[in-house]
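Structure first, then comments.
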Amino acid sequence: MSLLILIAGILLLLILISIVKLNAFISLIVAAFFVGIFKQMPFPDLINSMQEGIGSTLGSLILIIAFGVILGNLLSDSGAAQRISSVMISSFGIKHIKWAMVITGFSVGISMFYNAGFIILIPMVFAVAKSTKQPIIYLGIAMASALSITHGFLPPHPGPTAIAVIFKANIGKTLLYGLIVALPSLLMAGIIFPEFIKKINAFPPKGLFDSKTFTESEIPSFAISIVTALVPVFLMATATFSELLLPKESALRAVLLFIGNPLTSMLIAILFAVFTLGILRGRKMQDIMDKSGSALSAATMIILIIAAGGAFKQVLIDSGIGTDLSTFFEQSSLSPLFLGWLIATIIRIALGSATVAGLTAAGIVQPLVIASGVSPELMVLSIGAGSLMCSHVNDTGFWMFKEYFGISVSDTFKTWTVMETIIGVMGLIGVLLLNLWIK
């Protein structure tokens, strides 16, 4: 019954958006009510679940999104994004520009959460697309695939790190094996797959990262541009390494973790950008703030839709659908590596959250890992691969990608969902091959 309710809820959502043409924000809320009511959740619990989903999603995202939009606007409106994109183009050439996006996404993604990395890099995608006349989706998928792979496979990201703790896996080995599995996944999802979606048109929200074409004398130097863009990356990376290298009682570690928090680092980056890209270049503060305010207005619907996606996801979790699906597999005799991937995939499809899918799957197969003697590091990667599979309408990442690029639900399935599935399948294949070699 849980599976039927889940399928019916997703079908209702797709019908409301694609056929009825109802706004995605309203459609997600209606679908959340539908699932909660048919799962017989008490009405007060249903309302609380939706509020918790909105609060937990926006609580961790809204300031990052807002700061990211302001930083992106400063980069694009000052010409810094144009400078960075022109150097990338001259270094890689238009023919290999995807490699530039993949390498940039992977480098940024190692130390940053997916959402923060996506928001920081999205103005670069827009600027490069404008300069090279390449399709935005073509470049966006290359960038997003790299961020997604680091999020699912590589410590110190929260998902793989938490799963490694559950399995008592060696973090260093997990990172090494993760890099080996990541490379073919990156090649397939970020380099080869974009060639098949070049004809899909994107219509980003007007005013989000609109930028004029600047003359050479009007734009800042590459050094200033790239340093300003990478301030949050540097601060977050420093915090990550301090967490790994410094003792918990260290005062320096506490300070570095504070300034490396995504919210703090993004705020510092904005203040730095206002000075380097604004004040130092003779712009008035009022003009800078007016342009930033216009960009924030363009991001309002994106924020609402992401919030509604969080409500839908939380209702699926609190209604017990994930628990019902997990129980079904507890007595399975499948290989732990494949079983972990399969359970994570199913929970990911059901609930939308990669982190919840990974942690739930890890809890189910943990006894099998101990009994079978399979590599705990490979178990972390197989579950991480499964947790990325088949992202769709109950995943906030799906809606973030759709709204930033301004594409239809159907095209989001053809691009984002297929990309995530390619990563998940390639990850499983890589893990199984590594398992043969390690033994």
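Chain labels run A, B, ... following the order of the structure tokens; each chain numbers its residues from 1, and ligands are numbered from 1 in the order shown.
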Find the residues near Ala254 of chain A: any atom within 9 Å, counting only C-alpha atoms, skip ones fewer than 4 places away on the same chain, and give them as an MDAnalysis selection string. chainID A and resid 239 242:243 248:250 258:259
DSSP alpha helix (DSSP H) residues within segment 364-435 of chain A, listed as a PyMOL selection string: chain A and resi 364-372+376-386+396-405+409-412+418-435
Counting only C-alpha atoms, what is within 12 Å of Val380 of chain A, bar same-chain residues fewer than 2 positions away, as a PDB file with C-alpha atoms, in the first residue's frame?
```pdb
ATOM      1  CA  GLY A 152      27.929  11.024  -3.035  1.00  0.00           C
ATOM      2  CA  PHE A 153      31.334   9.334  -3.069  1.00  0.00           C
ATOM      3  CA  LEU A 154      33.991  11.364  -1.295  1.00  0.00           C
ATOM      4  CA  PRO A 155      34.605  12.138   2.354  1.00  0.00           C
ATOM      5  CA  PRO A 158      28.412  14.271   5.269  1.00  0.00           C
ATOM      6  CA  GLY A 159      26.794  11.286   3.503  1.00  0.00           C
ATOM      7  CA  PRO A 160      29.868   9.128   2.781  1.00  0.00           C
ATOM      8  CA  THR A 161      31.543  10.235   6.028  1.00  0.00           C
ATOM      9  CA  ALA A 162      28.539   9.226   8.161  1.00  0.00           C
ATOM     10  CA  ILE A 163      28.223   5.886   6.340  1.00  0.00           C
ATOM     11  CA  ALA A 164      31.965   5.275   6.821  1.00  0.00           C
ATOM     12  CA  VAL A 165      31.492   5.768  10.568  1.00  0.00           C
ATOM     13  CA  ILE A 166      28.627   3.243  10.605  1.00  0.00           C
ATOM     14  CA  PHE A 167      30.762   0.611   8.836  1.00  0.00           C
ATOM     15  CA  LYS A 168      33.979   1.588  10.682  1.00  0.00           C
ATOM     16  CA  ALA A 169      35.578   2.160   7.273  1.00  0.00           C
ATOM     17  CA  ASN A 170      38.977   3.797   6.873  1.00  0.00           C
ATOM     18  CA  ILE A 171      38.368   7.381   5.697  1.00  0.00           C
ATOM     19  CA  LYS A 173      40.903   4.288   1.868  1.00  0.00           C
ATOM     20  CA  THR A 174      37.339   5.399   1.230  1.00  0.00           C
ATOM     21  CA  LEU A 175      38.598   8.633  -0.307  1.00  0.00           C
ATOM     22  CA  TYR A 177      38.674   4.182  -3.698  1.00  0.00           C
ATOM     23  CA  GLY A 178      36.134   6.957  -4.156  1.00  0.00           C
ATOM     24  CA  VAL A 181      35.280   5.113  -8.867  1.00  0.00           C
ATOM     25  CA  PRO A 336      25.944  -6.906   0.484  1.00  0.00           C
ATOM     26  CA  LEU A 337      27.501  -4.573  -2.114  1.00  0.00           C
ATOM     27  CA  PHE A 338      24.588  -4.918  -4.522  1.00  0.00           C
ATOM     28  CA  GLY A 340      23.296  -1.824  -0.176  1.00  0.00           C
ATOM     29  CA  TRP A 341      23.170  -0.099  -3.559  1.00  0.00           C
ATOM     30  CA  ALA A 344      19.743   3.029  -1.137  1.00  0.00           C
ATOM     31  CA  GLY A 358      22.439   6.314   2.411  1.00  0.00           C
ATOM     32  CA  LEU A 359      22.140   6.232   6.190  1.00  0.00           C
ATOM     33  CA  ALA A 361      20.558   1.552   3.743  1.00  0.00           C
ATOM     34  CA  ALA A 362      23.729   1.439   5.842  1.00  0.00           C
ATOM     35  CA  GLY A 363      21.725   0.614   8.954  1.00  0.00           C
ATOM     36  CA  VAL A 365      23.014  -3.966   5.677  1.00  0.00           C
ATOM     37  CA  GLN A 366      25.464  -3.337   8.542  1.00  0.00           C
ATOM     38  CA  VAL A 369      28.873  -6.489   6.170  1.00  0.00           C
ATOM     39  CA  VAL A 374      33.193  -7.408   2.444  1.00  0.00           C
ATOM     40  CA  SER A 375      35.311  -4.256   2.320  1.00  0.00           C
ATOM     41  CA  PRO A 376      33.592  -1.593   4.461  1.00  0.00           C
ATOM     42  CA  GLU A 377      35.118   1.116   2.238  1.00  0.00           C
ATOM     43  CA  LEU A 378      33.480  -0.389  -0.857  1.00  0.00           C
ATOM     44  CA  SER A 382      28.111   1.246  -3.215  1.00  0.00           C
ATOM     45  CA  ILE A 383      25.552   2.843  -0.895  1.00  0.00           C
ATOM     46  CA  GLY A 384      26.749   6.313  -1.915  1.00  0.00           C
ATOM     47  CA  ALA A 385      26.196   5.371  -5.580  1.00  0.00           C
ATOM     48  CA  GLY A 386      22.705   4.088  -4.834  1.00  0.00           C
ATOM     49  CA  SER A 387      21.828   7.235  -2.894  1.00  0.00           C
ATOM     50  CA  GLY A 427      29.444   3.895  -9.312  1.00  0.00           C
ATOM     51  CA  LEU A 428      28.053   0.392  -8.751  1.00  0.00           C
ATOM     52  CA  VAL A 431      32.670  -0.796  -6.900  1.00  0.00           C
TER      53      VAL A 431
END
```
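Going from atom CA of Leu351 of chain A to atom CA of Gly430 of chain A covers 25.1 Å.
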Spatial neighbours of segment 391-405 of chain A, 7 Å, only C-alpha atoms, chain gap at least 4 places, as a list in words: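 Close residues of segment 391-405 of chain A: Ala202, Phe203, Pro204, Pro205, Ile302, Ile305, Ile306, Gly309, Gly310, Phe312, Lys313, Ile349, Leu351, Gly352, Ser353, Thr412, Phe413, Trp416, Thr417 and Glu420 of chain A.
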So that I have them on file, write out the residues from the current selection with N, CA, C and O atoms, as a compact mmCIF listing (two decimals), in the first residue's frame.
```txt
# COMPACT_ATOMS: atom_id res chain seq x y z
N ALA A 202 17.34 26.17 -22.44
CA ALA A 202 17.13 26.65 -21.08
C ALA A 202 16.64 28.08 -21.11
O ALA A 202 17.02 28.86 -21.98
N PHE A 203 15.78 28.42 -20.14
CA PHE A 203 15.24 29.78 -20.03
C PHE A 203 15.36 30.25 -18.59
O PHE A 203 14.36 30.28 -17.85
N PRO A 204 16.58 30.60 -18.15
CA PRO A 204 16.80 31.01 -16.76
C PRO A 204 15.95 32.21 -16.39
O PRO A 204 15.59 33.02 -17.25
N PRO A 205 15.59 32.36 -15.10
CA PRO A 205 14.80 33.51 -14.67
C PRO A 205 15.48 34.82 -15.06
O PRO A 205 16.67 34.99 -14.84
N ILE A 302 12.31 30.31 -6.88
CA ILE A 302 13.22 29.18 -6.68
C ILE A 302 13.20 28.74 -5.22
O ILE A 302 13.10 27.55 -4.90
N ILE A 305 9.85 26.96 -4.27
CA ILE A 305 9.71 25.61 -4.83
C ILE A 305 10.62 24.64 -4.08
O ILE A 305 10.23 23.49 -3.79
N ILE A 306 11.83 25.07 -3.74
CA ILE A 306 12.73 24.22 -2.96
C ILE A 306 12.12 23.93 -1.59
O ILE A 306 12.19 22.81 -1.08
N GLY A 309 9.43 21.36 -1.99
CA GLY A 309 10.06 20.06 -2.18
C GLY A 309 10.50 19.47 -0.86
O GLY A 309 10.39 18.25 -0.64
N GLY A 310 10.98 20.31 0.05
CA GLY A 310 11.34 19.83 1.38
C GLY A 310 10.14 19.34 2.17
O GLY A 310 10.22 18.35 2.90
N PHE A 312 7.36 18.02 0.85
CA PHE A 312 6.96 16.74 0.24
C PHE A 312 7.87 15.62 0.73
O PHE A 312 7.42 14.53 1.12
N LYS A 313 9.17 15.88 0.75
CA LYS A 313 10.14 14.87 1.20
C LYS A 313 9.88 14.48 2.66
O LYS A 313 9.89 13.30 3.01
N ILE A 349 14.59 6.86 -4.34
CA ILE A 349 13.42 7.08 -5.20
C ILE A 349 12.20 7.43 -4.35
O ILE A 349 11.41 8.31 -4.71
N LEU A 351 12.10 8.66 -1.08
CA LEU A 351 12.17 9.79 -0.17
C LEU A 351 12.84 11.04 -0.73
O LEU A 351 12.62 12.14 -0.25
N GLY A 352 13.71 10.87 -1.73
CA GLY A 352 14.34 12.02 -2.35
C GLY A 352 15.67 12.42 -1.75
O GLY A 352 16.54 12.93 -2.44
N SER A 353 15.87 12.20 -0.45
CA SER A 353 17.10 12.64 0.21
C SER A 353 18.21 11.61 0.04
O SER A 353 18.07 10.46 0.46
N THR A 412 13.90 18.24 -17.27
CA THR A 412 14.70 17.99 -16.07
C THR A 412 14.92 16.49 -15.89
O THR A 412 16.00 16.05 -15.49
N PHE A 413 13.88 15.70 -16.18
CA PHE A 413 14.04 14.23 -16.17
C PHE A 413 15.09 13.80 -17.19
O PHE A 413 15.93 12.94 -16.93
N TRP A 416 18.87 16.14 -15.68
CA TRP A 416 19.29 15.93 -14.30
C TRP A 416 19.10 14.49 -13.85
O TRP A 416 20.03 13.86 -13.33
N THR A 417 17.89 13.94 -14.02
CA THR A 417 17.61 12.58 -13.53
C THR A 417 18.47 11.55 -14.24
O THR A 417 19.01 10.63 -13.59
N GLU A 420 22.10 11.79 -12.88
CA GLU A 420 22.24 11.17 -11.56
C GLU A 420 22.21 9.64 -11.67
O GLU A 420 22.94 8.94 -10.96
```
